[in-house]
file protein.csv (CSV, C-alpha atoms)
chain,number,residue,atom,x,y,z
G,1,MET,CA,25.5,16.9,23.9
G,2,LYS,CA,25.9,14.9,20.7
G,3,ARG,CA,25.4,11.1,20.5
G,4,SER,CA,25.9,8.8,17.5
G,5,VAL,CA,23.5,5.8,17.5
G,6,SER,CA,22.4,3.0,15.2
G,7,LEU,CA,18.7,2.8,14.4
G,8,PRO,CA,16.4,0.2,12.8
G,9,ASP,CA,15.1,1.3,9.4
G,10,ASP,CA,11.5,1.9,10.6
G,11,VAL,CA,12.7,4.1,13.4
G,12,ALA,CA,15.1,6.0,11.1
G,13,GLN,CA,12.3,6.5,8.6
G,14,TRP,CA,9.9,7.9,11.3
G,15,LEU,CA,12.6,10.2,12.5
G,16,ASP,CA,13.2,11.5,9.0
G,17,GLN,CA,9.6,12.7,9.0
G,18,GLN,CA,9.9,14.7,12.2
G,19,PRO,CA,10.4,18.5,12.0
G,20,ASN,CA,12.9,18.4,14.9
G,21,VAL,CA,14.7,15.0,15.3
G,22,SER,CA,16.4,15.9,18.6
G,23,ALA,CA,13.1,17.0,20.1
G,24,ALA,CA,11.4,13.9,18.9
G,25,ILE,CA,14.1,11.6,20.4
G,26,THR,CA,14.1,13.5,23.7
G,27,SER,CA,10.4,13.3,24.0
G,28,ALA,CA,10.3,9.6,23.3
G,29,VAL,CA,13.1,8.8,25.7
G,30,ARG,CA,11.5,10.9,28.5
G,31,VAL,CA,8.2,9.0,28.1
G,32,GLN,CA,10.2,5.8,28.5
G,33,MET,CA,12.1,7.1,31.5
G,34,ALA,CA,8.8,8.1,33.2
G,35,ARG,CA,7.3,4.7,32.4
G,36,VAL,CA,10.2,2.9,34.0
G,37,HIS,CA,10.0,5.1,37.1
G,38,LEU,CA,6.3,4.7,37.5
G,39,ASP,CA,6.4,0.9,36.9
G,40,GLU,CA,8.8,0.8,39.9
G,41,VAL,CA,6.5,3.0,42.0
G,42,LEU,CA,3.5,0.9,41.3
G,43,ARG,CA,5.3,-2.4,41.8
G,44,ARG,CA,6.4,-1.3,45.2
G,45,ALA,CA,2.8,-0.4,46.1
G,46,GLY,CA,1.7,-3.9,45.0
G,47,ILE,CA,-0.2,-2.5,42.1
G,48,GLU,CA,-0.5,-4.6,38.8
G,49,VAL,CA,-2.2,-2.5,36.2
G,50,THR,CA,-4.4,-4.0,33.4
G,51,GLU,CA,-5.0,-2.8,29.9
G,52,ALA,CA,-8.7,-2.9,30.4
G,53,GLY,CA,-8.4,-0.6,33.4
G,54,ARG,CA,-6.2,1.8,31.5
G,55,ALA,CA,-8.6,1.8,28.5
G,56,ARG,CA,-11.4,2.8,30.9
G,57,TRP,CA,-9.4,5.8,32.1
G,58,ARG,CA,-8.3,6.7,28.6
G,59,GLU,CA,-11.9,7.1,27.7
G,60,ARG,CA,-12.8,9.1,30.8
G,61,LEU,CA,-9.8,11.4,30.4
G,62,ALA,CA,-10.8,12.1,26.8
G,63,THR,CA,-14.3,13.1,27.9
G,64,PRO,CA,-14.4,16.9,28.4
G,65,ILE,CA,-15.8,18.4,31.5
G,66,PRO,CA,-19.2,19.8,30.6
G,67,ALA,CA,-19.4,23.4,29.7
G,68,ASP,CA,-22.0,24.2,32.3
G,69,ALA,CA,-19.7,22.7,35.0
G,70,LEU,CA,-16.7,24.7,33.8
G,71,ALA,CA,-18.8,27.9,33.8
G,72,GLU,CA,-20.0,27.2,37.3
G,73,GLY,CA,-16.4,26.5,38.4
G,74,ARG,CA,-15.2,29.8,37.0
G,75,ARG,CA,-18.0,31.6,38.8
G,76,MET,CA,-17.1,29.9,42.1
G,77,LEU,CA,-13.5,31.1,41.6
G,78,GLY,CA,-14.8,34.6,40.9
G,79,HIS,CA,-13.7,34.6,37.3
G,80,ALA,CA,-15.8,35.9,34.4
G,81,GLY,CA,-16.9,33.5,31.7
W,1,MET,CA,-8.2,21.4,29.8
W,2,SER,CA,-6.5,24.7,30.6
W,3,ASP,CA,-3.0,23.2,31.0
W,4,GLN,CA,-1.1,20.0,31.3
W,5,ILE,CA,-2.7,18.9,34.6
W,6,ALA,CA,-5.2,16.3,33.6
W,7,VAL,CA,-6.3,15.0,37.1
W,8,VAL,CA,-6.2,16.2,40.7
W,9,PHE,CA,-5.9,13.5,43.3
W,10,ASP,CA,-7.5,14.2,46.7
W,11,ALA,CA,-6.4,12.6,50.0
W,12,SER,CA,-8.6,9.6,49.6
W,13,ALA,CA,-7.1,8.8,46.2
W,14,LEU,CA,-3.7,8.8,47.9
W,15,THR,CA,-4.9,6.5,50.6
W,16,ALA,CA,-6.3,4.2,48.0
W,17,TYR,CA,-2.9,4.1,46.3
W,18,LEU,CA,-1.4,3.0,49.7
W,19,GLU,CA,-4.0,0.3,49.9
W,20,GLY,CA,-2.8,-1.1,46.6
W,21,ASN,CA,-5.8,0.2,44.6
W,22,VAL,CA,-5.2,-0.9,41.0
W,23,SER,CA,-7.3,1.8,39.4
W,24,VAL,CA,-5.1,4.6,40.9
W,25,GLY,CA,-2.0,3.1,39.3
W,26,GLU,CA,-3.8,2.7,36.0
W,27,LEU,CA,-4.9,6.3,36.1
W,28,MET,CA,-1.4,7.5,36.9
W,29,LEU,CA,0.1,5.4,34.1
W,30,GLU,CA,-2.5,6.6,31.5
W,31,VAL,CA,-2.0,10.3,32.4
W,32,GLY,CA,1.8,9.9,32.2
W,33,GLU,CA,1.7,8.2,28.8
W,34,GLU,CA,-0.5,11.1,27.5
W,35,GLY,CA,2.4,13.4,28.5
W,36,ARG,CA,0.2,15.2,31.1
W,37,GLN,CA,0.3,15.5,34.9
W,38,VAL,CA,-1.4,14.4,38.0
W,39,ALA,CA,-1.7,17.2,40.6
W,40,ILE,CA,-1.5,16.5,44.3
W,41,PRO,CA,-2.5,19.4,46.5
W,42,ALA,CA,-0.1,19.8,49.4
W,43,THR,CA,-2.8,19.6,52.0
W,44,CYS,CA,-4.0,16.3,50.5
W,45,LEU,CA,-0.5,14.9,50.8
W,46,ALA,CA,-0.3,16.1,54.4
W,47,ALA,CA,-3.6,14.4,55.2
W,48,ALA,CA,-2.4,11.2,53.6
W,49,TYR,CA,0.8,11.3,55.6
W,50,ALA,CA,-1.3,11.8,58.7
W,51,SER,CA,-3.2,8.7,58.0
W,52,VAL,CA,-0.4,6.3,57.2
W,53,ALA,CA,0.0,3.2,59.3
W,54,ASP,CA,3.8,3.0,59.3
W,55,GLU,CA,7.0,4.3,57.8
W,56,ILE,CA,6.7,1.9,54.8
W,57,ASP,CA,3.5,3.6,53.7
W,58,ALA,CA,5.2,7.0,54.3
W,59,ALA,CA,8.1,5.8,52.0
W,60,LEU,CA,5.5,4.7,49.4
W,61,LEU,CA,4.0,8.1,49.4
W,62,ALA,CA,7.4,9.8,49.0
W,63,LEU,CA,8.2,7.4,46.1
W,64,MET,CA,4.9,8.3,44.4
W,65,ILE,CA,5.3,12.0,44.5
W,66,ALA,CA,8.7,11.6,43.0
W,67,ALA,CA,7.1,10.1,39.9
W,68,PRO,CA,7.7,12.3,36.8
W,69,MET,CA,4.0,12.9,36.1
W,70,ILE,CA,3.2,14.1,39.6
W,71,ARG,CA,3.0,17.8,40.3
W,72,LEU,CA,2.8,18.9,44.0
W,73,LEU,CA,0.6,22.0,44.4
W,74,PRO,CA,1.3,24.3,47.4
W,75,LEU,CA,-1.5,26.2,49.0
W,76,ALA,CA,-0.9,29.7,47.8
W,77,SER,CA,-1.7,32.6,50.1
W,78,GLU,CA,-4.1,34.1,47.5
W,79,ASP,CA,-6.0,30.8,47.4
W,80,VAL,CA,-6.5,30.3,51.1
W,81,GLN,CA,-9.9,32.1,51.4
W,82,GLN,CA,-11.5,30.2,48.5
W,83,THR,CA,-10.1,26.9,49.7
W,84,GLY,CA,-11.7,27.5,53.1
W,85,LYS,CA,-15.0,28.5,51.5
W,86,LEU,CA,-15.1,25.3,49.4
W,87,ALA,CA,-14.3,23.2,52.5
W,88,ARG,CA,-17.4,24.5,54.4
W,89,SER,CA,-19.6,22.0,52.6
W,90,VAL,CA,-17.5,19.0,53.8
W,91,ASP,CA,-17.3,19.9,57.5
W,92,GLY,CA,-14.3,22.1,57.0
W,93,ASP,CA,-12.0,19.4,55.6
W,94,ILE,CA,-9.3,21.7,54.1
W,95,SER,CA,-7.9,18.9,51.9
W,96,PHE,CA,-11.2,18.6,50.0
W,97,GLY,CA,-11.3,22.4,49.6
W,98,HIS,CA,-7.8,22.5,48.3
W,99,ALA,CA,-8.3,19.6,45.8
W,100,ALA,CA,-11.5,21.2,44.5
W,101,HIS,CA,-9.8,24.6,44.2
W,102,ALA,CA,-7.0,22.9,42.2
W,103,ALA,CA,-9.5,21.0,39.9
W,104,LEU,CA,-11.5,24.2,39.2
W,105,THR,CA,-8.4,26.3,38.6
W,106,HIS,CA,-6.8,23.8,36.2
W,107,GLU,CA,-10.2,22.6,34.8
W,108,ALA,CA,-9.1,19.1,35.6
W,109,HIS,CA,-10.8,15.8,36.4
W,110,TYR,CA,-11.1,15.1,40.2
W,111,ALA,CA,-10.0,11.6,41.3
W,112,THR,CA,-11.3,10.3,44.7
W,113,ALA,CA,-12.3,7.3,46.7
W,114,GLN,CA,-15.0,9.5,48.3
W,115,PRO,CA,-17.2,10.7,45.4
W,116,THR,CA,-20.1,11.7,47.5
W,117,ALA,CA,-18.0,14.1,49.5
W,118,ALA,CA,-16.2,15.3,46.4
W,119,ALA,CA,-19.5,16.2,44.7
W,120,LYS,CA,-20.3,18.5,47.6
W,121,VAL,CA,-17.3,20.7,46.9
W,122,LEU,CA,-17.5,20.7,43.1
W,123,PRO,CA,-20.0,22.1,40.5
W,124,THR,CA,-22.8,19.8,39.4
W,125,ASN,CA,-21.7,17.6,36.5
W,126,TRP,CA,-17.9,18.1,37.2
W,127,SER,CA,-15.9,15.1,36.2
W,128,ILE,CA,-15.3,12.9,39.2
W,129,LEU,CA,-13.1,9.8,38.7
W,130,GLU,CA,-14.0,7.3,41.3
W,131,VAL,CA,-11.0,5.1,42.2
W,132,VAL,CA,-12.4,1.8,43.4

call {"tool": "encode", "arguments": {"input": "protein.csv", "output": "structure tokens"}}
result
Amino acid sequence: MKRSVSLPDDVAQWLDQQPNVSAAITSAVRVQMARVHLDEVLRRAGIEVTEAGRARWRERLATPIPADALAEGRRMLGHAG
Amino acid sequence: MSDQIAVVFDASALTAYLEGNVSVGELMLEVGEEGRQVAIPATCLAAAYASVADEIDAALLALMIAAPMIRLLPLASEDVQQTGKLARSVDGDISFGHAAHAALTHEAHYATAQPTAAAKVLPTNWSILEVV
């Protein structure tokens, strides 16, 4: 489906640098759609997130699982490696 | 990470969400914004449904699992034996076994409100994210 939209200069310049403009727009819009949905889910559960809390998880998520633990996990599942 | 699943939530993490635990929401939001997924093993969801106080909590769970970054994981027939074996160390609690199996399979972080029990079903030094 084709759409014609007007964009601010900075957004247009960023899009011009993307190898696939349609894919870049789709990805950005989907992130926003997910964010809106999740905000509603959390609001209904009475949860107010904080930037400090998110930053804590960002750091933890970026920390790899130790190699020895991964190896033990593969052994437990009966996989080689 | 072996795929897009960043974190597995066990049943206690789901219960924490129902109790309004802020860190559960922050973790979901962060995973979603990274473009990755939170896995919820089906037995953990069933255990959470079994523990809810009323239909409002049940509706909150239904709303949560409809969030775009959530992936519900069924218990596949080929995984039943290993799931049961893992559960032995936590008095046969199948939901812990299923969550651990999912974390090992996807090489994902394990989110829980019961880190001591989780440590019993996971390898030493596995990444356990305590939601408090």

call {"tool": "interface_residues", "arguments": {"input": "protein.csv", "of": "chain W", "to": "chain G", "cutoff": "9 Å", "atoms": "all atoms listed in the file", "output": "PyMOL selection string"}}
result
chain W and resi 1+6-7+17-35+57+60+63-64+66-69+82+86+101+103-105+107-109+122-127+129

call {"tool": "residues_around", "arguments": {"input": "protein.csv", "residues": "stretch 36-50 of chain W", "least_positions_apart": "2", "cutoff": "8 Å", "atoms": "only C-alpha atoms", "output": "PyMOL selection string"}}
result
chain W and resi 4-12+14-15+28+31-34+52+58+61+69-75+94-96+98-99+102

call {"tool": "write_last_selection", "arguments": {"input": "protein.csv", "atoms": "C-alpha atoms", "output": "PDB file, keeping the file's coordinate frame"}}
result
ATOM      1  CA  GLN W   4      -1.100  20.000  31.300  1.00  0.00           C
ATOM      2  CA  ILE W   5      -2.700  18.900  34.600  1.00  0.00           C
ATOM      3  CA  ALA W   6      -5.200  16.300  33.600  1.00  0.00           C
ATOM      4  CA  VAL W   7      -6.300  15.000  37.100  1.00  0.00           C
ATOM      5  CA  VAL W   8      -6.200  16.200  40.700  1.00  0.00           C
ATOM      6  CA  PHE W   9      -5.900  13.500  43.300  1.00  0.00           C
ATOM      7  CA  ASP W  10      -7.500  14.200  46.700  1.00  0.00           C
ATOM      8  CA  ALA W  11      -6.400  12.600  50.000  1.00  0.00           C
ATOM      9  CA  SER W  12      -8.600   9.600  49.600  1.00  0.00           C
ATOM     10  CA  LEU W  14      -3.700   8.800  47.900  1.00  0.00           C
ATOM     11  CA  THR W  15      -4.900   6.500  50.600  1.00  0.00           C
ATOM     12  CA  MET W  28      -1.400   7.500  36.900  1.00  0.00           C
ATOM     13  CA  VAL W  31      -2.000  10.300  32.400  1.00  0.00           C
ATOM     14  CA  GLY W  32       1.800   9.900  32.200  1.00  0.00           C
ATOM     15  CA  GLU W  33       1.700   8.200  28.800  1.00  0.00           C
ATOM     16  CA  GLU W  34      -0.500  11.100  27.500  1.00  0.00           C
ATOM     17  CA  VAL W  52      -0.400   6.300  57.200  1.00  0.00           C
ATOM     18  CA  ALA W  58       5.200   7.000  54.300  1.00  0.00           C
ATOM     19  CA  LEU W  61       4.000   8.100  49.400  1.00  0.00           C
ATOM     20  CA  MET W  69       4.000  12.900  36.100  1.00  0.00           C
ATOM     21  CA  ILE W  70       3.200  14.100  39.600  1.00  0.00           C
ATOM     22  CA  ARG W  71       3.000  17.800  40.300  1.00  0.00           C
ATOM     23  CA  LEU W  72       2.800  18.900  44.000  1.00  0.00           C
ATOM     24  CA  LEU W  73       0.600  22.000  44.400  1.00  0.00           C
ATOM     25  CA  PRO W  74       1.300  24.300  47.400  1.00  0.00           C
ATOM     26  CA  LEU W  75      -1.500  26.200  49.000  1.00  0.00           C
ATOM     27  CA  ILE W  94      -9.300  21.700  54.100  1.00  0.00           C
ATOM     28  CA  SER W  95      -7.900  18.900  51.900  1.00  0.00           C
ATOM     29  CA  PHE W  96     -11.200  18.600  50.000  1.00  0.00           C
ATOM     30  CA  HIS W  98      -7.800  22.500  48.300  1.00  0.00           C
ATOM     31  CA  ALA W  99      -8.300  19.600  45.800  1.00  0.00           C
ATOM     32  CA  ALA W 102      -7.000  22.900  42.200  1.00  0.00           C
TER      33      ALA W 102
END

call {"tool": "atom_distance", "arguments": {"input": "protein.csv", "atom1": "atom CA of W:Ala16", "atom2": "atom CA of W:Val131"}}
result
7.5 Å

call {"tool": "atom_distance", "arguments": {"input": "protein.csv", "atom1": "atom CA of W:Ser89", "atom2": "atom CA of W:Ser51"}}
result
21.8 Å

call {"tool": "closest_residue", "arguments": {"input": "protein.csv", "among": "W:Ala76, W:Val121, W:Ile65, W:Ala111", "to": "W:Arg88", "atoms": "only C-alpha atoms"}}
result
W:Val121

call {"tool": "atom_distance", "arguments": {"input": "protein.csv", "atom1": "atom CA of W:Ala117", "atom2": "atom CA of W:Gly97"}}
result
10.7 Å

call {"tool": "residues_near_point", "arguments": {"input": "protein.csv", "point": "(-20.3, 10.7, 40.9)", "cutoff": "8 Å", "atoms": "all atoms listed in the file", "output": "JSON, numbers by chain"}}
result
{"W": [115, 116, 119, 127, 128, 129, 130]}

call {"tool": "write_last_selection", "arguments": {"input": "protein.csv", "atoms": "C-alpha atoms", "output": "PDB file, keeping the file's coordinate frame"}}
result
ATOM      1  CA  PRO W 115     -17.200  10.700  45.400  1.00  0.00           C
ATOM      2  CA  THR W 116     -20.100  11.700  47.500  1.00  0.00           C
ATOM      3  CA  ALA W 119     -19.500  16.200  44.700  1.00  0.00           C
ATOM      4  CA  SER W 127     -15.900  15.100  36.200  1.00  0.00           C
ATOM      5  CA  ILE W 128     -15.300  12.900  39.200  1.00  0.00           C
ATOM      6  CA  LEU W 129     -13.100   9.800  38.700  1.00  0.00           C
ATOM      7  CA  GLU W 130     -14.000   7.300  41.300  1.00  0.00           C
TER       8      GLU W 130
END

call {"tool": "decode", "arguments": {"input": "protein.csv", "residues": "stretch 37-62 of chain W", "atoms": "N, CA and C atoms", "output": "short mmCIF file (atom, residue, chain, number, x, y, z; two decimals), in the first residue's frame"}}
result
data_model
loop_
_atom_site.label_atom_id
_atom_site.label_comp_id
_atom_site.auth_asym_id
_atom_site.auth_seq_id
_atom_site.Cartn_x
_atom_site.Cartn_y
_atom_site.Cartn_z
N GLN W 37 12.11 -9.90 22.42
CA GLN W 37 10.88 -10.46 22.97
C GLN W 37 11.05 -10.98 24.39
N VAL W 38 9.94 -10.99 25.12
CA VAL W 38 9.84 -11.63 26.42
C VAL W 38 9.07 -12.93 26.22
N ALA W 39 9.67 -14.06 26.60
CA ALA W 39 8.99 -15.35 26.45
C ALA W 39 8.26 -15.70 27.74
N ILE W 40 7.04 -16.18 27.58
CA ILE W 40 6.27 -16.67 28.72
C ILE W 40 5.90 -18.12 28.45
N PRO W 41 6.52 -19.05 29.19
CA PRO W 41 6.16 -20.46 29.02
C PRO W 41 4.70 -20.69 29.40
N ALA W 42 4.01 -21.51 28.66
CA ALA W 42 2.58 -21.71 28.86
C ALA W 42 2.26 -22.20 30.27
N THR W 43 3.11 -23.06 30.83
CA THR W 43 2.82 -23.57 32.18
C THR W 43 2.96 -22.46 33.23
N CYS W 44 3.85 -21.49 32.98
CA CYS W 44 3.98 -20.36 33.90
C CYS W 44 2.72 -19.49 33.85
N LEU W 45 2.21 -19.31 32.64
CA LEU W 45 0.98 -18.54 32.51
C LEU W 45 -0.18 -19.26 33.20
N ALA W 46 -0.23 -20.57 33.02
CA ALA W 46 -1.30 -21.35 33.67
C ALA W 46 -1.19 -21.23 35.19
N ALA W 47 0.04 -21.30 35.71
CA ALA W 47 0.24 -21.17 37.17
C ALA W 47 -0.19 -19.79 37.65
N ALA W 48 0.11 -18.77 36.85
CA ALA W 48 -0.29 -17.41 37.23
C ALA W 48 -1.81 -17.28 37.22
N TYR W 49 -2.45 -17.85 36.19
CA TYR W 49 -3.92 -17.83 36.16
C TYR W 49 -4.50 -18.56 37.37
N ALA W 50 -3.83 -19.63 37.79
CA ALA W 50 -4.33 -20.40 38.94
C ALA W 50 -4.25 -19.60 40.23
N SER W 51 -3.36 -18.61 40.26
CA SER W 51 -3.13 -17.88 41.51
C SER W 51 -3.88 -16.56 41.58
N VAL W 52 -4.57 -16.18 40.51
CA VAL W 52 -5.17 -14.84 40.51
C VAL W 52 -6.31 -14.74 41.52
N ALA W 53 -6.46 -13.52 42.04
CA ALA W 53 -7.46 -13.30 43.08
C ALA W 53 -8.86 -13.11 42.51
N ASP W 54 -8.94 -12.57 41.30
CA ASP W 54 -10.26 -12.27 40.74
C ASP W 54 -10.15 -12.15 39.22
N GLU W 55 -11.28 -11.85 38.61
CA GLU W 55 -11.31 -11.76 37.14
C GLU W 55 -10.59 -10.53 36.62
N ILE W 56 -10.42 -9.55 37.47
CA ILE W 56 -9.67 -8.36 37.04
C ILE W 56 -8.21 -8.74 36.79
N ASP W 57 -7.64 -9.50 37.73
CA ASP W 57 -6.26 -9.96 37.53
C ASP W 57 -6.16 -10.86 36.31
N ALA W 58 -7.15 -11.70 36.11
CA ALA W 58 -7.14 -12.57 34.92
C ALA W 58 -7.16 -11.73 33.65
N ALA W 59 -7.94 -10.66 33.66
CA ALA W 59 -8.00 -9.77 32.49
C ALA W 59 -6.67 -9.06 32.28
N LEU W 60 -6.01 -8.68 33.39
CA LEU W 60 -4.69 -8.03 33.27
C LEU W 60 -3.66 -8.98 32.66
N LEU W 61 -3.75 -10.25 33.02
CA LEU W 61 -2.83 -11.23 32.42
C LEU W 61 -3.10 -11.37 30.92
N ALA W 62 -4.38 -11.43 30.57
CA ALA W 62 -4.74 -11.55 29.15
C ALA W 62 -4.24 -10.34 28.36
#
